[in-house]
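Source file: data10.cif; contents: mmCIF, C-alpha atoms and all ligand atoms.
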```cif
data_query
#
loop_
_atom_site.label_atom_id
_atom_site.label_comp_id
_atom_site.auth_asym_id
_atom_site.auth_seq_id
_atom_site.Cartn_x
_atom_site.Cartn_y
_atom_site.Cartn_z
CA MET W 1 0.00 0.00 0.00
CA ALA W 2 1.03 3.56 -0.63
CA SER W 3 1.27 5.75 2.45
CA ILE W 4 -1.95 7.77 2.10
CA THR W 5 -2.89 10.96 3.95
CA GLU W 6 -6.38 12.33 3.23
CA ARG W 7 -7.15 16.03 3.67
CA GLU W 8 -10.68 17.38 3.19
CA PHE W 9 -11.40 21.06 2.63
CA ALA W 10 -14.65 22.98 2.89
CA SER W 11 -14.08 24.91 -0.32
CA LYS W 12 -11.89 25.13 -3.40
CA ASP W 13 -10.28 28.28 -1.96
CA GLU W 14 -9.19 26.38 1.15
CA MET W 15 -7.83 23.53 -0.96
CA THR W 16 -5.94 26.01 -3.14
CA ALA W 17 -4.38 27.71 -0.10
CA ALA W 18 -3.25 24.38 1.35
CA LEU W 19 -1.88 23.18 -1.99
CA THR W 20 0.02 26.42 -2.52
CA GLU W 21 1.55 26.10 0.95
CA LEU W 22 2.51 22.45 0.37
CA LEU W 23 4.17 23.30 -2.95
CA GLN W 24 6.06 26.27 -1.51
CA THR W 25 7.36 24.16 1.37
CA ALA W 26 8.35 21.17 -0.75
CA LEU W 27 10.11 23.27 -3.41
CA SER W 28 11.93 25.39 -0.80
CA GLU W 29 13.08 22.23 0.98
CA GLY W 30 14.25 20.73 -2.32
CA ILE W 31 16.33 23.84 -3.04
CA ALA W 32 17.71 23.92 0.52
CA THR W 33 18.71 20.24 0.38
CA ASP W 34 19.86 19.78 -3.23
CA GLY W 35 20.31 23.31 -4.57
CA LYS W 36 17.44 22.64 -7.00
CA ALA W 37 13.87 21.36 -7.07
CA VAL W 38 11.66 19.46 -9.52
CA LEU W 39 7.89 19.87 -9.77
CA LEU W 40 5.77 17.57 -11.95
CA VAL W 41 2.47 19.10 -13.01
CA SER W 42 -0.89 17.93 -14.36
CA GLY W 43 -3.51 19.88 -16.23
CA GLY W 44 -7.11 20.12 -15.00
CA SER W 45 -9.25 22.68 -13.24
CA SER W 46 -8.30 21.62 -9.70
CA PRO W 47 -4.67 22.80 -9.59
CA ALA W 48 -5.10 25.90 -11.81
CA PRO W 49 -5.75 28.46 -9.01
CA ALA W 50 -2.74 27.21 -7.01
CA TYR W 51 -0.55 27.46 -10.14
CA ARG W 52 -1.67 31.07 -10.64
CA HIS W 53 -1.00 31.91 -7.02
CA LEU W 54 2.38 30.18 -6.94
CA SER W 55 3.53 32.04 -10.07
CA GLY W 56 3.66 35.25 -8.03
CA VAL W 57 5.68 33.79 -5.14
CA GLU W 58 9.43 34.38 -4.97
CA LEU W 59 10.86 30.87 -4.63
CA GLY W 60 14.18 30.88 -6.45
CA TRP W 61 12.47 29.82 -9.66
CA ASP W 62 15.80 29.74 -11.53
CA LYS W 63 16.59 26.65 -9.43
CA ILE W 64 13.25 24.96 -10.15
CA THR W 65 12.43 22.64 -13.04
CA VAL W 66 8.77 22.20 -13.93
CA ALA W 67 7.95 19.09 -16.00
CA MET W 68 4.74 17.56 -17.31
CA VAL W 69 2.92 14.59 -15.76
CA ASP W 70 1.14 13.90 -19.05
CA GLU W 71 0.38 15.38 -22.43
CA ARG W 72 -1.84 14.94 -25.44
CA TRP W 73 0.19 14.37 -28.61
CA VAL W 74 -0.70 17.80 -29.98
CA ASP W 75 1.41 20.87 -30.73
CA ALA W 76 2.03 23.34 -27.92
CA GLU W 77 -0.25 25.87 -29.64
CA HIS W 78 -3.24 23.49 -29.53
CA GLU W 79 -6.08 24.54 -27.21
CA LYS W 80 -5.97 21.11 -25.53
CA SER W 81 -2.21 21.17 -24.90
CA ASN W 82 -1.33 20.72 -21.23
CA GLU W 83 1.97 22.47 -21.99
CA ALA W 84 0.06 25.58 -23.09
CA PHE W 85 -2.10 25.34 -19.96
CA ILE W 86 0.97 25.23 -17.68
CA LYS W 87 2.59 28.15 -19.52
CA SER W 88 -0.51 30.29 -19.11
CA THR W 89 -1.24 29.42 -15.46
CA LEU W 90 2.05 28.62 -13.69
CA LEU W 91 4.95 29.88 -15.81
CA GLN W 92 4.05 33.54 -15.54
CA ASP W 93 5.38 36.41 -13.42
CA LYS W 94 8.15 35.17 -11.08
CA ALA W 95 7.72 31.54 -12.16
CA ALA W 96 8.53 32.50 -15.77
CA GLY W 97 12.18 31.96 -14.76
CA ALA W 98 11.71 28.22 -14.14
CA ARG W 99 13.14 25.63 -16.50
CA PHE W 100 10.34 23.80 -18.32
CA VAL W 101 10.69 20.21 -19.51
CA THR W 102 7.83 19.23 -21.80
CA MET W 103 6.68 15.89 -23.18
CA LYS W 104 5.60 16.70 -26.72
CA ASN W 105 8.49 16.55 -29.18
CA ARG W 106 8.83 16.47 -32.97
CA ALA W 107 8.13 12.76 -33.37
CA ALA W 108 5.06 11.92 -35.43
CA SER W 109 3.54 9.84 -32.65
CA ALA W 110 3.89 9.42 -28.89
CA GLU W 111 5.19 5.91 -29.51
CA GLU W 112 7.95 7.31 -31.73
CA GLY W 113 8.67 10.17 -29.33
CA VAL W 114 8.94 8.13 -26.17
CA GLN W 115 12.73 7.60 -26.24
CA VAL W 116 13.51 11.30 -26.57
CA CYS W 117 11.05 12.04 -23.77
CA GLU W 118 12.58 9.31 -21.60
CA SER W 119 16.06 10.77 -21.98
CA ASP W 120 14.79 14.29 -21.20
CA TYR W 121 13.20 12.94 -18.01
CA ALA W 122 16.27 10.84 -17.10
CA ALA W 123 18.18 14.12 -16.75
CA LEU W 124 15.86 15.41 -13.99
CA LYS W 125 16.93 15.35 -10.36
CA ARG W 126 15.72 12.20 -8.54
CA PRO W 127 13.65 11.86 -6.57
CA PHE W 128 11.37 14.61 -7.90
CA ASP W 129 10.21 16.88 -5.08
CA VAL W 130 6.47 16.95 -5.80
CA THR W 131 4.16 15.37 -8.37
CA ILE W 132 0.63 16.72 -8.76
CA LEU W 133 -1.99 14.30 -10.06
CA GLY W 134 -5.63 14.74 -10.95
CA MET W 135 -8.14 12.00 -11.58
CA GLY W 136 -11.04 11.54 -13.91
CA PRO W 137 -14.50 10.08 -13.32
CA ASP W 138 -13.29 6.97 -15.18
CA GLY W 139 -10.52 6.35 -12.60
CA HIS W 140 -7.68 7.58 -14.82
CA THR W 141 -4.78 9.49 -13.39
CA ALA W 142 -1.94 11.11 -15.35
CA SER W 143 -2.77 9.59 -18.81
CA LEU W 144 -3.16 6.09 -17.40
CA PHE W 145 -6.61 5.51 -18.88
CA PRO W 146 -8.71 2.39 -18.22
CA ASN W 147 -7.74 -0.52 -20.48
CA ALA W 148 -5.74 1.80 -22.77
CA ASP W 149 -3.25 0.52 -25.31
CA GLY W 150 0.07 0.76 -23.51
CA LEU W 151 -1.43 0.58 -20.00
CA GLU W 152 0.07 -2.80 -19.13
CA HIS W 153 3.52 -1.49 -20.07
CA ALA W 154 2.84 1.74 -18.15
CA LEU W 155 2.06 -0.18 -14.96
CA THR W 156 5.01 -2.58 -15.20
CA THR W 157 7.92 -0.76 -16.86
CA THR W 158 10.82 0.75 -14.94
CA ASP W 159 10.94 3.55 -17.55
CA THR W 160 9.77 6.95 -16.32
CA VAL W 161 7.48 7.81 -19.24
CA CYS W 162 5.31 5.83 -21.62
CA ALA W 163 3.15 6.23 -24.70
CA ILE W 164 -0.57 5.63 -24.22
CA ASN W 165 -3.44 5.37 -26.64
CA ALA W 166 -6.68 5.61 -24.70
CA HIS W 167 -10.03 4.24 -25.79
CA GLN W 168 -12.05 7.25 -26.84
CA SER W 169 -14.69 8.30 -24.34
CA GLU W 170 -16.40 11.43 -23.04
CA VAL W 171 -13.47 11.82 -20.66
CA THR W 172 -10.68 11.52 -23.26
CA GLY W 173 -12.37 13.57 -25.96
CA GLU W 174 -11.12 13.07 -29.53
CA ILE W 175 -7.40 13.19 -28.72
CA THR W 176 -6.52 9.78 -27.34
CA GLU W 177 -2.79 9.66 -28.09
CA ARG W 178 -0.81 10.67 -25.03
CA MET W 179 2.55 10.66 -23.29
CA SER W 180 2.45 10.03 -19.56
CA LEU W 181 4.50 9.32 -16.50
CA SER W 182 4.46 5.57 -15.98
CA LEU W 183 3.54 4.17 -12.58
CA ALA W 184 7.29 3.93 -11.83
CA GLY W 185 7.65 7.57 -12.92
CA ILE W 186 4.93 8.63 -10.49
CA ALA W 187 6.75 6.69 -7.75
CA HIS W 188 9.97 8.66 -8.43
CA SER W 189 8.64 11.56 -6.33
CA LYS W 190 9.28 12.34 -2.66
CA THR W 191 5.62 13.22 -2.38
CA VAL W 192 2.60 12.87 -4.67
CA VAL W 193 -0.53 15.00 -4.31
CA LEU W 194 -3.83 13.78 -5.76
CA LEU W 195 -6.47 16.49 -6.26
CA ILE W 196 -10.13 15.49 -6.25
CA SER W 197 -13.08 17.85 -6.63
CA GLY W 198 -16.73 16.93 -6.11
CA GLU W 199 -18.78 14.06 -4.72
CA GLU W 200 -18.79 12.06 -7.95
CA LYS W 201 -15.00 11.80 -8.10
CA LYS W 202 -14.83 11.14 -4.36
CA ALA W 203 -16.99 8.06 -4.91
CA VAL W 204 -14.64 6.94 -7.70
CA TYR W 205 -11.67 7.41 -5.36
CA GLU W 206 -13.36 5.43 -2.56
CA ALA W 207 -14.11 2.62 -5.01
CA ALA W 208 -10.48 2.65 -6.20
CA LYS W 209 -9.39 1.98 -2.61
CA GLN W 210 -11.25 -1.33 -2.71
CA PRO W 211 -9.54 -4.42 -4.15
CA GLY W 212 -10.01 -4.88 -7.89
CA SER W 213 -8.43 -4.51 -11.31
CA GLU W 214 -5.77 -1.85 -11.93
CA TYR W 215 -6.56 -2.05 -15.62
CA SER W 216 -10.17 -0.95 -15.24
CA VAL W 217 -9.28 1.65 -12.56
CA PRO W 218 -5.63 2.72 -13.06
CA LEU W 219 -5.72 5.02 -9.99
CA ARG W 220 -5.80 1.80 -7.95
CA ALA W 221 -2.21 1.09 -9.04
CA VAL W 222 -1.08 4.36 -7.44
CA LEU W 223 -3.05 3.72 -4.25
CA THR W 224 -1.54 0.26 -3.82
CA HIS W 225 2.04 1.08 -4.84
CA PRO W 226 4.37 0.27 -1.93
CA ASP W 227 6.70 3.26 -2.41
CA ILE W 228 4.32 6.16 -3.06
CA ASP W 229 3.85 8.81 -0.39
CA LEU W 230 0.44 10.18 -1.35
CA THR W 231 -1.58 13.09 0.02
CA VAL W 232 -5.16 13.24 -1.24
CA PHE W 233 -6.79 16.68 -1.30
CA TRP W 234 -10.55 16.79 -1.67
CA CYS W 235 -13.08 19.61 -1.77
CA PRO W 236 -16.78 19.64 -2.74
O1 LIG Y 301 -4.97 15.80 -19.43
C1 LIG Y 301 -6.13 15.64 -19.06
O2 LIG Y 301 -6.97 14.93 -19.62
C2 LIG Y 301 -6.57 16.34 -17.82
O3 LIG Y 301 -5.54 17.13 -17.32
C3 LIG Y 301 -7.08 15.35 -16.78
O4 LIG Y 301 -6.28 14.21 -16.66
C4 LIG Y 301 -7.29 16.01 -15.42
O5 LIG Y 301 -6.09 16.07 -14.71
C5 LIG Y 301 -8.30 15.25 -14.62
O6 LIG Y 301 -9.43 15.00 -15.41
C6 LIG Y 301 -8.68 16.03 -13.38
O7 LIG Y 301 -9.33 17.21 -13.75
P1 LIG Y 301 -9.83 18.27 -12.71
O8 LIG Y 301 -8.60 18.90 -12.10
O9 LIG Y 301 -10.58 19.25 -13.54
O10 LIG Y 301 -10.63 17.55 -11.67
#
```
If you took the structure in this file and wrote it as structure tokens, what would it be?
Amino acid sequence: MASITEREFASKDEMTAALTELLQTALSEGIATDGKAVLLVSGGSSPAPAYRHLSGVELGWDKITVAMVDERWVDAEHEKSNEAFIKSTLLQDKAAGARFVTMKNRAASAEEGVQVCESDYAALKRPFDVTILGMGPDGHTASLFPNADGLEHALTTTDTVCAINAHQSEVTGEITERMSLSLAGIAHSKTVVLLISGEEKKAVYEAAKQPGSEYSVPLRAVLTHPDIDLTVFWCP
């Protein structure tokens, strides 16, 4: 089992304040200990306010590397690009000085781009200081989508990143080709934060804590991983 700490907040504002504080502390400690810090970021509506807040905080951003948890295989200008989302929310103001390691590269497909991405991620400081995950109503986290092509590899490889092709659904939308941290990549972090908003997703999370298939509910693989130190943030 992962070590799991659950924190419930009365509102999104309270969750944002606590997340901002956690990130500030973890990144400052990383810089104090190693002279540099690494933050792995997801897209999604839950972390966006904390990213905006953090961008205005003086943290020694020139010593911080921000890298993606997952990405659609689309150009950085695409409206669905997580890279574009991180640039517009986090990498502004003081945080504009951070180094940014992205997943999308020039390869025609995620499958063809995975080696370049793996070597980019191999150069990051280990362990990463913080990894921020979201989850979907289908039990996906990062781009580890239920029963996706590439999921078995993603859950078993020692590589940090992996190519995924999800089965199209309301949750994935039309763009199903993704690059993602593997389960091992998620476990490379000193601490992992999982952000959950709303009662519907809370029920999915509670179900994921019960025994069952990791292929139908990939979040379960994170919750049962022996080496992951996970803090779950929830707000209504
Ligand atoms: O790349 C994606 O498809 C999204 O980023 C997605 O994985 C998101 O992280 C979760 O759906 C949580 O979203 P919320 O933060 O909006 O709950």
Of the candidates W:Ile228, W:Val192, W:Leu181, W:Val171, which shows the shortest atom-to-atom distance to ligand LIG 301 (chain Y), using only C-alpha atoms and all ligand atoms?
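Ranking W:Ile228, W:Val192, W:Leu181, W:Val171 by distance to ligand LIG 301 (chain Y), first place goes to W:Val171.
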Got a sec to check which residues lie within 10 Å of ligand LIG 301 (chain Y), using only C-alpha atoms and all ligand atoms, and send them as a tab-separated table (two decimals) with C-alpha atoms, in the coordinates of the input?
```tsv
chain	number	residue	atom	x	y	z
W	41	VAL	CA	2.47	19.10	-13.01
W	42	SER	CA	-0.89	17.93	-14.36
W	43	GLY	CA	-3.51	19.88	-16.23
W	44	GLY	CA	-7.11	20.12	-15.00
W	45	SER	CA	-9.25	22.68	-13.24
W	46	SER	CA	-8.30	21.62	-9.70
W	47	PRO	CA	-4.67	22.80	-9.59
W	48	ALA	CA	-5.10	25.90	-11.81
W	69	VAL	CA	2.92	14.59	-15.76
W	70	ASP	CA	1.14	13.90	-19.05
W	71	GLU	CA	0.38	15.38	-22.43
W	72	ARG	CA	-1.84	14.94	-25.44
W	80	LYS	CA	-5.97	21.11	-25.53
W	81	SER	CA	-2.21	21.17	-24.90
W	82	ASN	CA	-1.33	20.72	-21.23
W	83	GLU	CA	1.97	22.47	-21.99
W	85	PHE	CA	-2.10	25.34	-19.96
W	132	ILE	CA	0.63	16.72	-8.76
W	133	LEU	CA	-1.99	14.30	-10.06
W	134	GLY	CA	-5.63	14.74	-10.95
W	135	MET	CA	-8.14	12.00	-11.58
W	136	GLY	CA	-11.04	11.54	-13.91
W	137	PRO	CA	-14.50	10.08	-13.32
W	138	ASP	CA	-13.29	6.97	-15.18
W	139	GLY	CA	-10.52	6.35	-12.60
W	140	HIS	CA	-7.68	7.58	-14.82
W	141	THR	CA	-4.78	9.49	-13.39
W	142	ALA	CA	-1.94	11.11	-15.35
W	143	SER	CA	-2.77	9.59	-18.81
W	144	LEU	CA	-3.16	6.09	-17.40
W	145	PHE	CA	-6.61	5.51	-18.88
W	171	VAL	CA	-13.47	11.82	-20.66
W	172	THR	CA	-10.68	11.52	-23.26
W	173	GLY	CA	-12.37	13.57	-25.96
W	175	ILE	CA	-7.40	13.19	-28.72
W	176	THR	CA	-6.52	9.78	-27.34
W	178	ARG	CA	-0.81	10.67	-25.03
W	179	MET	CA	2.55	10.66	-23.29
W	180	SER	CA	2.45	10.03	-19.56
W	194	LEU	CA	-3.83	13.78	-5.76
W	195	LEU	CA	-6.47	16.49	-6.26
W	196	ILE	CA	-10.13	15.49	-6.25
W	197	SER	CA	-13.08	17.85	-6.63
W	198	GLY	CA	-16.73	16.93	-6.11
W	201	LYS	CA	-15.00	11.80	-8.10
```
So how many Å separate atom CA of W:Lys94 and atom CA of W:Glu8, to one decimal?
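Computing it gives 29.6 Å between the two atoms.
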Pick the closest to W:Leu155 from W:His225, W:Lys202, W:Lys125, W:His188: which is it, counting only C-alpha atoms?
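With only C-alpha atoms as the atom set, the closest residue is W:His225.
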Looking at all atoms listed in the file, which of W:Gln210, W:Pro49, W:Ala203, W:Ala221 is the one that sits closest to W:Glu14?
W:Pro49
Selected residue of minimal separation from W:Ala187 among W:Thr33, W:Thr160, W:Thr20, W:Ser55, counting all atoms listed in the file:
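For W:Ala187, the nearest of the candidates is W:Thr160.
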Pick out the residues sitting within 10 Å of W:Pro226, and hand them over as a PyMOL selection string; count only C-alpha atoms, and ignore anything fewer than 6 positions along from it in its own chain.
chain W and resi 1-3+187
Selected residues written out, C-alpha atoms, as a JSON list (two decimals), keeping the file's coordinate frame:
```json
[["chain", "number", "residue", "atom", "x", "y", "z"],
["W", 1, "MET", "CA", 0.00, 0.00, 0.00],
["W", 2, "ALA", "CA", 1.03, 3.56, -0.63],
["W", 3, "SER", "CA", 1.27, 5.75, 2.45],
["W", 187, "ALA", "CA", 6.75, 6.69, -7.75]]
```
Could you tell me how far atom CA of W:Ala84 sits from atom CA of W:Thr102, in Å to one decimal place?
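The value is 10.1 Å.
Near W:Asp34, within 12 Å and counting only C-alpha atoms, sit Ala26, Leu27, Ser28, Glu29, Lys63, Ile64, Lys125, Arg126, Pro127, Phe128 and Asp129 of chain W; same-chain residues fewer than 5 positions away were not included.
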